[in-house]
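**Student:** Supplied structure: work22.cif, mmCIF, C-alpha atoms.
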data_target
loop_
_atom_site.label_atom_id
_atom_site.label_comp_id
_atom_site.auth_asym_id
_atom_site.auth_seq_id
_atom_site.Cartn_x
_atom_site.Cartn_y
_atom_site.Cartn_z
CA MET X 4 57.76 14.53 -3.42
CA PRO X 5 58.36 13.06 0.07
CA LEU X 6 56.11 10.19 1.07
CA VAL X 7 54.62 12.13 3.99
CA ALA X 8 53.67 15.01 1.69
CA GLU X 9 52.04 12.57 -0.75
CA ILE X 10 49.97 11.04 2.08
CA LEU X 11 48.90 14.51 3.33
CA LEU X 12 47.97 15.54 -0.22
CA MET X 13 45.92 12.38 -0.61
CA GLY X 14 44.06 13.22 2.60
CA VAL X 15 43.26 16.70 1.23
CA LEU X 16 41.99 15.17 -2.01
CA VAL X 17 39.70 12.79 -0.09
CA ILE X 18 38.26 15.79 1.79
CA MET X 19 37.68 17.55 -1.54
CA SER X 20 35.96 14.42 -2.89
CA ALA X 21 33.67 14.42 0.16
CA TYR X 22 33.01 18.13 -0.42
CA PHE X 23 31.89 17.63 -4.02
CA SER X 24 29.82 14.53 -3.20
CA SER X 25 28.01 16.18 -0.30
CA SER X 26 27.35 19.37 -2.29
CA GLU X 27 25.82 17.35 -5.13
CA THR X 28 23.45 15.54 -2.76
CA ALA X 29 22.66 18.71 -0.81
CA TYR X 30 21.54 20.66 -3.88
CA THR X 31 19.71 17.68 -5.33
CA SER X 32 17.81 16.99 -2.10
CA MET X 33 17.26 20.47 -0.67
CA ASN X 34 13.80 22.01 -0.40
CA SER X 35 13.98 25.08 -2.63
CA ILE X 36 10.85 26.50 -1.00
CA ARG X 37 12.60 26.62 2.37
CA ILE X 38 15.59 28.36 0.79
CA LYS X 39 13.29 30.91 -0.88
CA ASN X 40 11.66 31.54 2.47
CA LEU X 41 15.10 32.26 3.96
CA VAL X 42 15.79 34.66 1.06
CA TYR X 43 12.57 36.54 1.92
CA GLU X 44 13.82 36.77 5.49
CA GLY X 45 17.07 38.40 4.29
CA HIS X 46 19.44 35.41 4.69
CA LYS X 47 22.55 36.27 2.60
CA LYS X 48 23.83 32.71 2.17
CA ALA X 49 20.35 31.67 1.07
CA GLU X 50 20.53 34.16 -1.81
CA LYS X 51 23.78 32.56 -3.03
CA ALA X 52 22.39 29.05 -2.56
CA LEU X 53 19.29 29.96 -4.56
CA ARG X 54 21.40 31.47 -7.36
CA ASN X 55 23.42 28.26 -7.52
CA TYR X 56 20.24 26.19 -7.58
CA ASP X 57 18.66 28.30 -10.32
CA ASN X 58 21.76 27.65 -12.46
CA TYR X 59 21.51 23.94 -11.76
CA ASP X 60 22.95 22.61 -15.03
CA LYS X 61 26.18 24.57 -14.59
CA LEU X 62 26.26 23.69 -10.88
CA LEU X 63 25.93 19.97 -11.50
CA THR X 64 28.48 20.02 -14.32
CA THR X 65 30.98 21.86 -12.13
CA ILE X 66 30.49 19.43 -9.23
CA LEU X 67 30.87 16.36 -11.45
CA VAL X 68 33.95 17.75 -13.20
CA GLY X 69 35.55 18.66 -9.88
CA ASN X 70 34.65 15.35 -8.25
CA ASN X 71 36.02 13.29 -11.14
CA ILE X 72 39.25 15.30 -11.28
CA VAL X 73 39.76 14.78 -7.55
CA ASN X 74 38.93 11.05 -7.66
CA VAL X 75 41.31 10.47 -10.59
CA ALA X 76 44.00 12.35 -8.70
CA ILE X 77 43.37 10.17 -5.60
CA SER X 78 43.70 7.00 -7.68
CA THR X 79 46.90 8.16 -9.37
CA LEU X 80 48.53 9.41 -6.18
CA GLY X 81 47.43 6.32 -4.22
CA THR X 82 48.91 4.00 -6.81
CA MET X 83 52.21 5.90 -6.69
CA ILE X 84 52.34 5.68 -2.89
CA PHE X 85 51.59 1.96 -2.64
CA THR X 86 53.90 0.96 -5.48
CA GLU X 87 56.71 2.84 -3.73
CA ILE X 88 56.01 0.94 -0.52
CA PHE X 89 55.02 -2.56 -1.74
CA GLY X 90 56.39 -2.74 -5.24
CA LEU X 91 54.65 -2.64 -8.60
CA THR X 92 52.51 -5.80 -8.58
CA ALA X 93 51.45 -5.88 -4.93
CA GLY X 94 51.20 -2.09 -4.78
CA VAL X 95 48.68 -1.89 -7.63
CA VAL X 96 46.43 -4.55 -6.04
CA ILE X 97 46.59 -3.00 -2.56
CA ALA X 98 46.08 0.51 -4.00
CA THR X 99 42.99 -0.60 -5.91
CA VAL X 100 41.33 -2.13 -2.85
CA PHE X 101 42.36 0.63 -0.46
CA ILE X 102 41.51 3.57 -2.72
CA ALA X 103 38.13 2.09 -3.71
CA THR X 104 37.27 1.65 -0.02
CA VAL X 105 38.42 5.14 0.95
CA ILE X 106 36.56 6.85 -1.91
CA LEU X 107 33.36 4.89 -1.30
CA VAL X 108 33.29 5.31 2.48
CA PHE X 109 34.83 8.77 2.97
CA GLY X 110 34.32 10.36 -0.43
CA GLU X 111 30.86 9.13 -1.42
CA ILE X 112 28.60 7.20 0.96
CA THR X 113 29.25 9.02 4.27
CA PRO X 114 29.20 12.62 2.95
CA LYS X 115 26.15 11.95 0.77
CA THR X 116 24.28 10.37 3.66
CA LEU X 117 25.01 13.33 5.94
CA ALA X 118 24.10 15.82 3.20
CA LYS X 119 20.82 14.01 2.55
CA ARG X 120 19.83 14.34 6.21
CA ASN X 121 20.77 18.05 6.38
CA ALA X 122 20.36 19.19 2.78
CA GLU X 123 19.44 22.85 3.38
CA ARG X 124 22.15 23.37 6.01
CA TYR X 125 24.85 21.90 3.75
CA ALA X 126 23.61 23.90 0.75
CA LEU X 127 23.86 27.13 2.73
CA ARG X 128 27.33 26.35 4.08
CA MET X 129 28.72 25.51 0.63
CA ALA X 130 26.93 28.25 -1.31
CA GLY X 131 29.82 30.75 -1.36
CA SER X 132 32.65 28.29 -2.05
CA LEU X 133 30.64 26.49 -4.74
CA HIS X 134 29.95 29.79 -6.46
CA MET X 135 33.70 30.51 -6.59
CA ILE X 136 34.47 27.02 -7.96
CA MET X 137 31.77 27.48 -10.60
CA LEU X 138 33.52 30.67 -11.73
CA ILE X 139 36.98 29.06 -11.76
CA LEU X 140 35.82 25.99 -13.69
CA THR X 141 33.60 27.94 -16.08
CA PRO X 142 35.73 27.20 -19.21
CA ILE X 143 35.80 23.46 -18.50
CA SER X 144 32.13 23.23 -17.49
CA TRP X 145 31.14 25.26 -20.59
CA VAL X 146 32.81 22.70 -22.86
CA PHE X 147 31.04 19.78 -21.16
CA MET X 148 27.68 21.60 -21.13
CA ARG X 149 27.92 22.30 -24.89
CA LEU X 150 28.91 18.70 -25.51
CA THR X 151 25.95 17.47 -23.43
CA TYR X 152 23.61 19.81 -25.28
CA PHE X 153 24.87 18.55 -28.64
CA LEU X 154 24.38 14.89 -27.66
CA SER X 155 20.92 15.44 -26.12
CA ARG X 156 19.43 18.06 -28.46
CA GLY X 157 17.18 15.48 -30.09
CA ALA X 158 15.71 14.38 -26.75
CA LYS X 159 12.34 15.78 -25.72
CA ASN X 160 12.45 18.01 -22.64
CA ASP X 161 9.21 17.24 -20.75
CA SER X 162 10.42 18.88 -17.53
CA ALA X 163 10.50 22.32 -19.14
CA GLU X 164 6.76 22.16 -19.78
CA ALA X 165 5.72 20.41 -16.56
CA PRO X 166 4.81 22.40 -13.42
CA SER X 167 6.94 22.07 -10.30
CA PHE X 168 4.08 20.31 -8.48
CA THR X 169 0.81 18.86 -9.66
CA GLU X 170 -2.31 19.28 -7.55
CA ASP X 171 -2.25 15.60 -6.56
CA GLU X 172 1.40 15.88 -5.48
CA LEU X 173 0.56 18.96 -3.45
CA HIS X 174 -2.22 16.99 -1.72
CA VAL X 175 0.32 14.32 -0.76
CA MET X 176 2.73 16.99 0.52
CA ILE X 177 0.00 18.52 2.68
CA ASP X 178 -0.85 15.09 4.11
CA GLU X 179 2.81 14.46 4.92
CA VAL X 180 3.27 17.87 6.54
CA THR X 181 0.10 17.25 8.56
CA GLU X 182 1.35 13.85 9.70
CA GLU X 183 4.66 15.44 10.76
CA GLY X 184 2.74 17.88 12.95
CA ALA X 185 3.76 21.08 11.12
CA LEU X 186 0.10 21.64 10.23
CA GLU X 187 -3.01 20.93 12.26
CA ARG X 188 -5.33 18.42 10.58
CA SER X 189 -8.04 21.09 10.34
CA GLU X 190 -5.57 23.44 8.63
CA GLY X 191 -4.58 20.75 6.16
CA GLU X 192 -8.20 19.98 5.32
CA LEU X 193 -8.89 23.69 4.84
CA ILE X 194 -5.98 24.02 2.40
CA LYS X 195 -7.13 20.98 0.43
CA SER X 196 -10.69 22.29 0.36
CA ALA X 197 -9.41 25.59 -1.02
CA MET X 198 -7.45 23.74 -3.71
CA GLN X 199 -10.55 21.82 -4.81
CA PHE X 200 -12.82 24.84 -4.48
CA ASP X 201 -12.82 25.69 -8.19
CA ASP X 202 -13.60 22.08 -9.17
CA ILE X 203 -16.98 22.01 -7.41
CA LYS X 204 -20.02 22.92 -9.48
CA VAL X 205 -23.14 24.64 -8.22
CA SER X 206 -25.06 21.50 -9.22
CA GLU X 207 -23.31 19.64 -6.37
CA MET X 208 -24.36 21.92 -3.52
CA TYR X 209 -27.56 23.90 -4.20
CA THR X 210 -30.78 23.52 -2.21
CA PRO X 211 -33.18 21.66 -4.56
CA ARG X 212 -36.45 23.15 -5.78
CA SER X 213 -38.52 20.80 -3.64
CA ARG X 214 -37.03 22.31 -0.47
CA ILE X 215 -37.34 25.96 -1.45
CA VAL X 216 -39.42 28.09 0.92
CA ALA X 217 -40.66 31.02 -1.19
CA ALA X 218 -43.52 33.53 -1.33
CA GLU X 219 -45.55 34.92 -4.22
CA ILE X 220 -45.19 38.66 -4.85
CA ARG X 221 -48.83 39.26 -3.82
CA THR X 222 -48.48 37.37 -0.54
CA ASP X 223 -50.10 39.13 2.40
CA ILE X 224 -47.70 40.73 4.87
CA GLU X 225 -49.11 38.69 7.76
CA ASP X 226 -48.68 35.47 5.78
CA LEU X 227 -45.07 36.38 5.00
CA LYS X 228 -44.48 37.10 8.68
CA LYS X 229 -45.82 33.65 9.53
CA LEU X 230 -43.57 32.11 6.85
CA PHE X 231 -40.50 33.82 8.30
CA LEU X 232 -41.30 32.61 11.81
CA GLU X 233 -42.02 29.02 10.74
CA SER X 234 -39.07 28.59 8.38
CA GLU X 235 -36.54 30.55 10.50
CA TYR X 236 -34.76 31.54 7.29
CA SER X 237 -33.06 34.94 7.09
CA ARG X 238 -34.05 35.40 3.43
CA ILE X 239 -37.11 34.25 1.52
CA PRO X 240 -37.17 34.33 -2.30
CA ILE X 241 -40.11 36.08 -3.95
CA TYR X 242 -41.60 34.77 -7.21
CA GLU X 243 -44.23 35.94 -9.64
CA GLY X 244 -46.68 33.29 -10.77
CA SER X 245 -44.44 30.27 -10.13
CA VAL X 246 -41.07 29.41 -8.63
CA ASP X 247 -39.67 29.41 -12.17
CA ARG X 248 -40.00 33.21 -12.10
CA ILE X 249 -38.16 34.27 -8.96
CA ILE X 250 -37.76 38.04 -9.05
CA GLY X 251 -35.98 38.80 -5.77
CA ALA X 252 -35.66 38.03 -2.07
CA VAL X 253 -36.79 39.62 1.19
CA HIS X 254 -34.47 39.79 4.20
CA THR X 255 -35.97 39.20 7.65
CA LYS X 256 -34.22 42.32 8.99
CA ASP X 257 -35.80 44.59 6.36
CA PHE X 258 -39.21 42.96 6.79
CA PHE X 259 -39.45 43.11 10.58
CA SER X 260 -37.90 46.58 10.89
CA LYS X 261 -40.79 47.99 8.88
CA TYR X 262 -43.34 45.59 10.36
CA VAL X 263 -42.49 46.44 13.97
CA ALA X 264 -42.42 50.16 13.16
CA GLY X 265 -45.98 49.82 11.84
CA GLU X 266 -45.07 51.23 8.42
CA ASP X 267 -47.27 50.63 5.40
CA PHE X 268 -45.14 48.76 2.84
CA THR X 269 -45.27 46.18 0.05
CA LEU X 270 -42.86 43.37 -0.81
CA GLU X 271 -41.56 45.39 -3.77
CA ASP X 272 -40.41 48.09 -1.33
CA ILE X 273 -38.05 45.78 0.55
CA MET X 274 -37.24 43.20 -2.09
CA MET X 275 -33.55 42.73 -2.93
CA PRO X 276 -32.14 41.38 -6.21
CA VAL X 277 -30.86 37.83 -6.66
CA LYS X 278 -28.30 36.33 -9.05
CA PHE X 279 -29.19 33.79 -11.72
CA VAL X 280 -26.59 31.16 -12.55
CA PRO X 281 -26.51 27.91 -14.58
CA GLU X 282 -25.92 24.70 -12.66
CA SER X 283 -22.56 24.22 -14.43
CA THR X 284 -21.10 27.32 -12.73
CA SER X 285 -18.19 26.63 -10.39
CA ILE X 286 -18.73 27.73 -6.81
CA ALA X 287 -15.51 29.79 -6.99
CA THR X 288 -17.06 31.81 -9.83
CA LEU X 289 -20.34 32.06 -7.92
CA LEU X 290 -18.54 33.32 -4.81
CA ASN X 291 -16.75 35.96 -6.85
CA ASP X 292 -20.03 37.08 -8.47
CA LEU X 293 -21.85 37.28 -5.14
CA GLN X 294 -19.02 39.28 -3.59
CA LYS X 295 -18.89 41.77 -6.46
CA SER X 296 -22.64 42.29 -6.59
CA HIS X 297 -23.12 42.31 -2.77
CA ILE X 298 -25.88 39.70 -3.20
CA HIS X 299 -26.26 36.70 -0.90
CA MET X 300 -28.63 34.47 -2.87
CA ALA X 301 -28.44 32.90 -6.34
CA VAL X 302 -31.14 31.07 -8.28
CA VAL X 303 -29.81 27.98 -10.06
CA LEU X 304 -31.33 27.48 -13.54
CA ASP X 305 -31.42 24.57 -15.96
CA ASN X 306 -30.84 24.81 -19.71
CA LEU X 307 -34.43 25.96 -20.28
CA GLY X 308 -34.26 28.69 -17.65
CA ARG X 309 -36.35 26.83 -15.07
CA THR X 310 -35.52 27.00 -11.39
CA LEU X 311 -33.56 24.01 -10.12
CA GLY X 312 -32.81 25.36 -6.66
CA LEU X 313 -31.10 28.04 -4.59
CA ALA X 314 -27.50 28.64 -3.56
CA THR X 315 -26.59 31.15 -0.88
CA LEU X 316 -23.31 32.72 0.13
CA GLU X 317 -23.40 30.59 3.28
CA ASP X 318 -23.78 27.42 1.17
CA VAL X 319 -20.67 28.36 -0.81
CA LEU X 320 -18.61 29.11 2.30
CA GLU X 321 -19.70 25.84 3.93
CA GLU X 322 -18.13 23.97 1.00
CA LEU X 323 -14.84 25.54 2.06
CA VAL X 324 -14.95 25.58 5.86
CA GLY X 325 -17.70 23.11 6.73
CA ASP X 326 -21.07 23.74 8.36
CA ILE X 327 -21.63 27.22 9.76
CA TRP X 328 -23.88 27.63 12.77
CA ASP X 329 -25.17 30.84 14.28
CA GLU X 330 -26.84 31.54 17.62
CA SER X 331 -30.33 30.89 16.28
CA ASP X 332 -29.53 27.51 14.73
CA VAL X 333 -30.70 24.49 16.65
CA ALA X 334 -28.52 21.44 16.19
CA GLY X 335 -31.39 19.01 15.86
CA TYR X 336 -30.81 16.14 13.47
CA PRO X 337 -33.32 13.61 12.17
CA ILE X 338 -32.42 10.04 13.03
CA HIS X 339 -34.42 7.49 11.04
CA GLU X 340 -34.57 3.93 12.29
CA GLU X 341 -34.68 1.48 9.39
CA LYS X 342 -36.50 -1.85 9.27
CA ASP X 343 -33.26 -3.79 9.71
CA GLY X 344 -32.48 -1.96 12.97
CA SER X 345 -29.90 0.43 11.51
CA PHE X 346 -30.11 4.22 11.77
CA THR X 347 -29.83 6.74 8.94
CA VAL X 348 -28.38 10.11 9.97
CA PRO X 349 -27.18 13.22 8.11
CA GLY X 350 -23.43 13.75 7.76
CA GLU X 351 -23.50 17.10 9.55
CA ALA X 352 -25.01 15.50 12.67
CA ASN X 353 -23.00 15.60 15.88
CA ILE X 354 -21.64 12.07 16.23
CA PHE X 355 -21.52 12.28 20.03
CA ASP X 356 -25.20 13.27 20.21
CA VAL X 357 -26.22 10.62 17.69
CA MET X 358 -24.43 7.79 19.49
CA LYS X 359 -25.95 8.89 22.79
CA ARG X 360 -29.47 9.04 21.34
CA ILE X 361 -29.30 5.57 19.80
CA GLY X 362 -27.64 4.08 22.89
CA ILE X 363 -24.19 3.20 21.53
CA GLU X 364 -21.10 3.76 23.64
CA PHE X 365 -18.69 5.87 21.61
CA GLU X 366 -14.93 6.24 22.15
CA PRO X 367 -13.54 8.84 19.68
CA GLY X 368 -9.83 8.14 20.22
CA ASP X 369 -7.76 11.06 18.88
CA PHE X 370 -10.72 12.45 16.91
CA GLN X 371 -11.28 16.08 17.92
CA ASP X 372 -14.10 17.25 15.63
CA ASN X 373 -17.80 16.46 16.16
CA THR X 374 -19.62 15.76 12.88
CA ILE X 375 -20.12 12.34 11.36
CA SER X 376 -18.68 13.62 8.07
CA ALA X 377 -15.47 14.77 9.75
CA PHE X 378 -15.25 11.49 11.71
CA VAL X 379 -15.48 9.41 8.51
CA ALA X 380 -12.90 11.63 6.79
CA HIS X 381 -10.60 11.21 9.81
CA TRP X 382 -10.78 7.43 9.56
CA ALA X 383 -10.53 7.40 5.77
CA GLU X 384 -7.46 9.68 5.98
CA GLY X 385 -8.76 11.66 3.02
CA VAL X 386 -11.93 12.23 1.07
CA PRO X 387 -14.42 9.41 1.87
CA ARG X 388 -16.44 7.61 -0.80
CA ARG X 389 -19.91 6.13 -0.96
CA GLY X 390 -19.87 2.67 0.58
CA ASP X 391 -16.90 3.27 2.90
CA GLU X 392 -17.26 1.40 6.20
CA ILE X 393 -15.82 2.04 9.65
CA ASP X 394 -15.93 -0.83 12.12
CA LEU X 395 -15.99 0.50 15.71
CA GLY X 396 -16.55 -2.89 17.32
CA ASN X 397 -19.95 -2.15 18.83
CA CYS X 398 -21.25 -0.62 15.60
CA ARG X 399 -20.41 0.13 11.99
CA VAL X 400 -20.70 3.46 10.21
CA VAL X 401 -21.35 3.23 6.47
CA VAL X 402 -21.31 6.14 4.03
CA ARG X 403 -24.64 6.12 2.23
CA SER X 404 -24.29 9.24 0.07
CA MET X 405 -21.87 12.10 -0.55
CA LYS X 406 -22.29 15.82 -1.22
CA SER X 407 -19.16 17.22 -2.80
CA ARG X 408 -16.33 16.02 -0.51
CA ARG X 409 -18.48 15.64 2.62
CA VAL X 410 -20.68 12.82 3.82
CA LYS X 411 -24.28 13.76 3.15
CA GLU X 412 -25.85 10.72 4.82
CA ALA X 413 -24.59 7.73 6.77
CA ARG X 414 -26.05 4.58 8.27
CA ILE X 415 -25.10 3.25 11.68
CA PHE X 416 -25.43 -0.48 12.25
CA PRO X 417 -25.31 -1.69 15.86
CA ALA X 418 -23.05 -4.73 16.32
CA LYS X 419 -25.99 -7.14 16.54
CA GLN X 420 -26.99 -6.26 12.97
CA GLY X 421 -25.30 -8.29 10.24
CA PHE X 422 -24.91 -6.65 6.87
CA SER X 423 -22.73 -6.35 3.80
CA SER X 424 -21.56 -3.17 2.17
CA GLN X 425 -23.19 -4.18 -1.10
CA GLY X 426 -26.54 -4.69 0.56
CA THR X 427 -26.22 -1.39 2.37
CA GLN X 428 -25.67 0.58 -0.83
CA GLU X 429 -28.74 -0.93 -2.46
CA ASN X 430 -31.06 0.00 0.40
#
Let me see the file written as structure tokens.

**Tutor:**
Amino acid sequence: MPLVAEILLMGVLVIMSAYFSSSETAYTSMNSIRIKNLVYEGHKKAEKALRNYDNYDKLLTTILVGNNIVNVAISTLGTMIFTEIFGLTAGVVIATVFIATVILVFGEITPKTLAKRNAERYALRMAGSLHMIMLILTPISWVFMRLTYFLSRGAKNDSAEAPSFTEDELHVMIDEVTEEGALERSEGELIKSAMQFDDIKVSEMYTPRSRIVAAEIRTDIEDLKKLFLESEYSRIPIYEGSVDRIIGAVHTKDFFSKYVAGEDFTLEDIMMPVKFVPESTSIATLLNDLQKSHIHMAVVLDNLGRTLGLATLEDVLEELVGDIWDESDVAGYPIHEEKDGSFTVPGEANIFDVMKRIGIEFEPGDFQDNTISAFVAHWAEGVPRRGDEIDLGNCRVVVRSMKSRRVKEARIFPAKQGFSSQGTQEN
């Protein structure tokens, strides 16, 4: 073979080496979810790429067989060329150095680097040609696959039993996507809340017995009217004898529609049923039960059937989307000044209002929400924990207690107040 033809053939082999190297990296690094999304959109090349990816063992075997055949051919041909030009001894040395450099730079490192940066694009471009090569090399790849199976049949295959992503890994992915700007922070938090929804128990979010506003079944209509006006609740549970025997609930709409019309009625006439659930019930199960039964209030019971508290449909939804306010709600938050000069505030309080009321200048930076709970979560870059501190220079915000994944109560220490996190948690 003429020397020029040998050099041209060697160039073709280097290109083939780059092809196999880049295809290996592309299919190893590509995001299969993106490819599946393209398949749903009707992308033809994506269908071939996904078929190749689903048959990954055969794909990888074919690529490695092809790449090794090409690299061996480059070495052999290169040695022949350089020994013809420089003689046997010098030619072998020069060929070794030159071929190693060419394969590393042009056949391995450069194509793999480019494929890593554009994995999905490379996978789509090579899908058709790789499929053809897989068919052509099927006999050879089959032999190597059977040999590999024989040598590794005693090894335990953990990947076959493991899921593609764990919940923790999915959390990290959502955080990364949020940081890249593909998702709004609020969207990311909503997705993570939905993922954790089934892990929250009713015991973590119900309104305790001590805060229940209820009426006895024999309560006078005028007294119930007064209770509705004072409490501003839309539903009031009705009990018989004691709160441990709640038998239903009265809605303000049903009560006042009959009251204003001057109708003669009793509480039994307008009383609606309630659900009874143990405190160990998940809020996802509770939401499903409330939806199916068209009931908005559940009574939380202990192991002896006594009333621990109440959970409403709104309480459940707030665990997912945060606090829900309607037109009648007044955003008034108690701010308690402690003996050491700090201030205790609820997590759902508006941080801008709180800072203004206690006289602290507040610069939110890129924070776009308004509650103290959301502000702490923004700084913590995740779910905050009891005792977490945020130093704002002119004050410190310390998490005092948590309710589920949200800050239930926080303490704000003006800059003049010295404190330690340990001392804060004990107070």

**Student:** Just want the 6 Å neighbourhood of X:Cys398, counted on only C-alpha atoms, with same-chain residues fewer than 2 positions away dropped. Output as a list in words.

**Tutor:**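 The residues satisfying every condition are Leu395, Gly396, Phe416, Pro417 and Ala418 of chain X.
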
**Student:** Print the selection's residues with C-alpha atoms to a file, as a PDB file, keeping the file's coordinate frame.

**Tutor:**
ATOM      1  CA  LEU X 395     -15.990   0.500  15.710  1.00  0.00           C
ATOM      2  CA  GLY X 396     -16.550  -2.890  17.320  1.00  0.00           C
ATOM      3  CA  PHE X 416     -25.430  -0.480  12.250  1.00  0.00           C
ATOM      4  CA  PRO X 417     -25.310  -1.690  15.860  1.00  0.00           C
ATOM      5  CA  ALA X 418     -23.050  -4.730  16.320  1.00  0.00           C
TER       6      ALA X 418
END

**Student:** Please compute the atom CA of X:Met274-atom CA of X:Lys295 distance, one decimal, in Å.

**Tutor:**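 For atom CA of X:Met274 relative to atom CA of X:Lys295, the distance reads 18.9 Å.
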
**Student:** Return as a PyMOL selection string the set of residues that the PyMOL selection byres ((chain X and resi 65-68) around 12) yields on the displayed structure.

**Tutor:** chain X and resi 19-31+55+58-64+69-75+129+132-148

**Student:** For X:Ile177, which residue among X:Glu207, X:Val401, X:Gly385, X:Ala122 is the nearest when counting all atoms listed in the file?

**Tutor:**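 Looking at the shortest contact to X:Ile177, the residue is X:Gly385.
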
**Student:** Rounded to one decimal place, report the atom CA of X:Ala197-atom CA of X:Glu322 distance in Å.

**Tutor:**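 Spanning atom CA of X:Ala197 to atom CA of X:Glu322 is a straight-line distance of 9.1 Å.
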
**Student:** Using all atoms listed in the file, determine which residues lie at most 8 Å from stretch 373-375 of chain X, disregarding the query and same-chain residues fewer than 2 positions distant; provide the list as a list in words.

**Tutor:**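 Listed by chain and then number, they are Pro349, Gly350, Glu351, Ala352, Asn353, Ile354, Phe355, Gln371, Ala377, Phe378, Val379, Val410 and Ala413 of chain X.
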
**Student:** Please evaluate the PyMOL selection byres ((chain X and resi 195) around 12) against the structure above and give the resulting residues as a ChimeraX atom specification.

**Tutor:** /X:170-178,181,188-194,196-202,322-324,385-386,408

**Student:** The PyMOL selection byres ((chain X and resi 318) around 10) on the file shown: which residues, as a list in words?

**Tutor:**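 In the shown coordinates, the PyMOL selection byres ((chain X and resi 318) around 10) covers Val205, Met208, Tyr209, Thr210, Ile286, Leu290, His299, Met300, Leu313, Ala314, Thr315, Leu316, Glu317, Val319, Leu320, Glu321, Glu322, Leu323, Gly325, Asp326 and Ile327 of chain X.
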
**Student:** Would you mind reading off the distance between atom CA of X:Lys278 and atom CA of X:Ala301, one decimal, in Å?

**Tutor:**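 For atom CA of X:Lys278 relative to atom CA of X:Ala301, the distance reads 4.4 Å.
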
**Student:** List as an MDAnalysis selection string the protein and nucleic acid residues near stretch 216-220 of chain X, meaning an atom at most 7 Å away when only C-alpha atoms are counted, but skip any in the same chain fewer than 3 places from it.

**Tutor:** chainID X and resid 239:244 270

**Student:** Atoms to include: C-alpha atoms. Write the selected residues as a PDB file, in the coordinates of the input.

**Tutor:**
ATOM      1  CA  ILE X 239     -37.110  34.250   1.520  1.00  0.00           C
ATOM      2  CA  PRO X 240     -37.170  34.330  -2.300  1.00  0.00           C
ATOM      3  CA  ILE X 241     -40.110  36.080  -3.950  1.00  0.00           C
ATOM      4  CA  TYR X 242     -41.600  34.770  -7.210  1.00  0.00           C
ATOM      5  CA  GLU X 243     -44.230  35.940  -9.640  1.00  0.00           C
ATOM      6  CA  GLY X 244     -46.680  33.290 -10.770  1.00  0.00           C
ATOM      7  CA  LEU X 270     -42.860  43.370  -0.810  1.00  0.00           C
TER       8      LEU X 270
END

**Student:** Could you give me, as JSON, numbers by chain, the residues within 12 Å of X:Ser32, counting only C-alpha atoms and dropping anything in the same chain fewer than 5 positions from it?

**Tutor:** {"X": [25, 26, 27, 37, 38, 56, 115, 116, 117, 118, 119, 120, 121, 122, 123, 124, 125, 126]}

**Student:** Restricting the calculation to all atoms listed in the file: of X:Ala383, X:Ile112, X:Met83, X:Val277, which residue gets closest to X:Arg248?

**Tutor:**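 Smallest separation from X:Arg248 among the options: X:Val277.
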
**Student:** Select, from X:Gly362, X:Ser78, X:Thr151, X:Thr347, the residue with the minimum atom-to-atom distance to X:Val402, counting all atoms listed in the file.

**Tutor:**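 The shortest atom-to-atom distance to X:Val402 comes from X:Thr347.
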
**Student:** With the cut-off set at 9 Å and counting all atoms listed in the file, tabulate each residue of stretch 210-293 of chain X with an atom at most that distance from an atom of stretch 306-309 of chain X, showing the nearest atom pair and its distance in Å to one decimal, ordered by chain and increasing number, as JSON lines.

**Tutor:**
{"residue": "X:Val246", "atom": "CA", "partner": "X:Arg309", "partner_atom": "CA", "distance": 8.4}
{"residue": "X:Asp247", "atom": "CA", "partner": "X:Arg309", "partner_atom": "CA", "distance": 5.1}
{"residue": "X:Arg248", "atom": "CA", "partner": "X:Arg309", "partner_atom": "CA", "distance": 7.9}
{"residue": "X:Pro281", "atom": "CA", "partner": "X:Asn306", "partner_atom": "CA", "distance": 7.4}
{"residue": "X:Glu282", "atom": "CA", "partner": "X:Asn306", "partner_atom": "CA", "distance": 8.6}

**Student:** Fewer than 3 positions away in the same chain doesn't count, so skip those; otherwise give me all residues within 12 Å of X:Phe101, counting all atoms listed in the file, as a PDB file with C-alpha atoms, in the coordinates of the input.

**Tutor:**
ATOM      1  CA  ILE X  77      43.370  10.170  -5.600  1.00  0.00           C
ATOM      2  CA  SER X  78      43.700   7.000  -7.680  1.00  0.00           C
ATOM      3  CA  GLY X  81      47.430   6.320  -4.220  1.00  0.00           C
ATOM      4  CA  THR X  82      48.910   4.000  -6.810  1.00  0.00           C
ATOM      5  CA  ILE X  84      52.340   5.680  -2.890  1.00  0.00           C
ATOM      6  CA  PHE X  85      51.590   1.960  -2.640  1.00  0.00           C
ATOM      7  CA  GLY X  94      51.200  -2.090  -4.780  1.00  0.00           C
ATOM      8  CA  VAL X  95      48.680  -1.890  -7.630  1.00  0.00           C
ATOM      9  CA  VAL X  96      46.430  -4.550  -6.040  1.00  0.00           C
ATOM     10  CA  ILE X  97      46.590  -3.000  -2.560  1.00  0.00           C
ATOM     11  CA  ALA X  98      46.080   0.510  -4.000  1.00  0.00           C
ATOM     12  CA  THR X 104      37.270   1.650  -0.020  1.00  0.00           C
ATOM     13  CA  VAL X 105      38.420   5.140   0.950  1.00  0.00           C
ATOM     14  CA  ILE X 106      36.560   6.850  -1.910  1.00  0.00           C
ATOM     15  CA  LEU X 107      33.360   4.890  -1.300  1.00  0.00           C
ATOM     16  CA  VAL X 108      33.290   5.310   2.480  1.00  0.00           C
ATOM     17  CA  PHE X 109      34.830   8.770   2.970  1.00  0.00           C
TER      18      PHE X 109
END
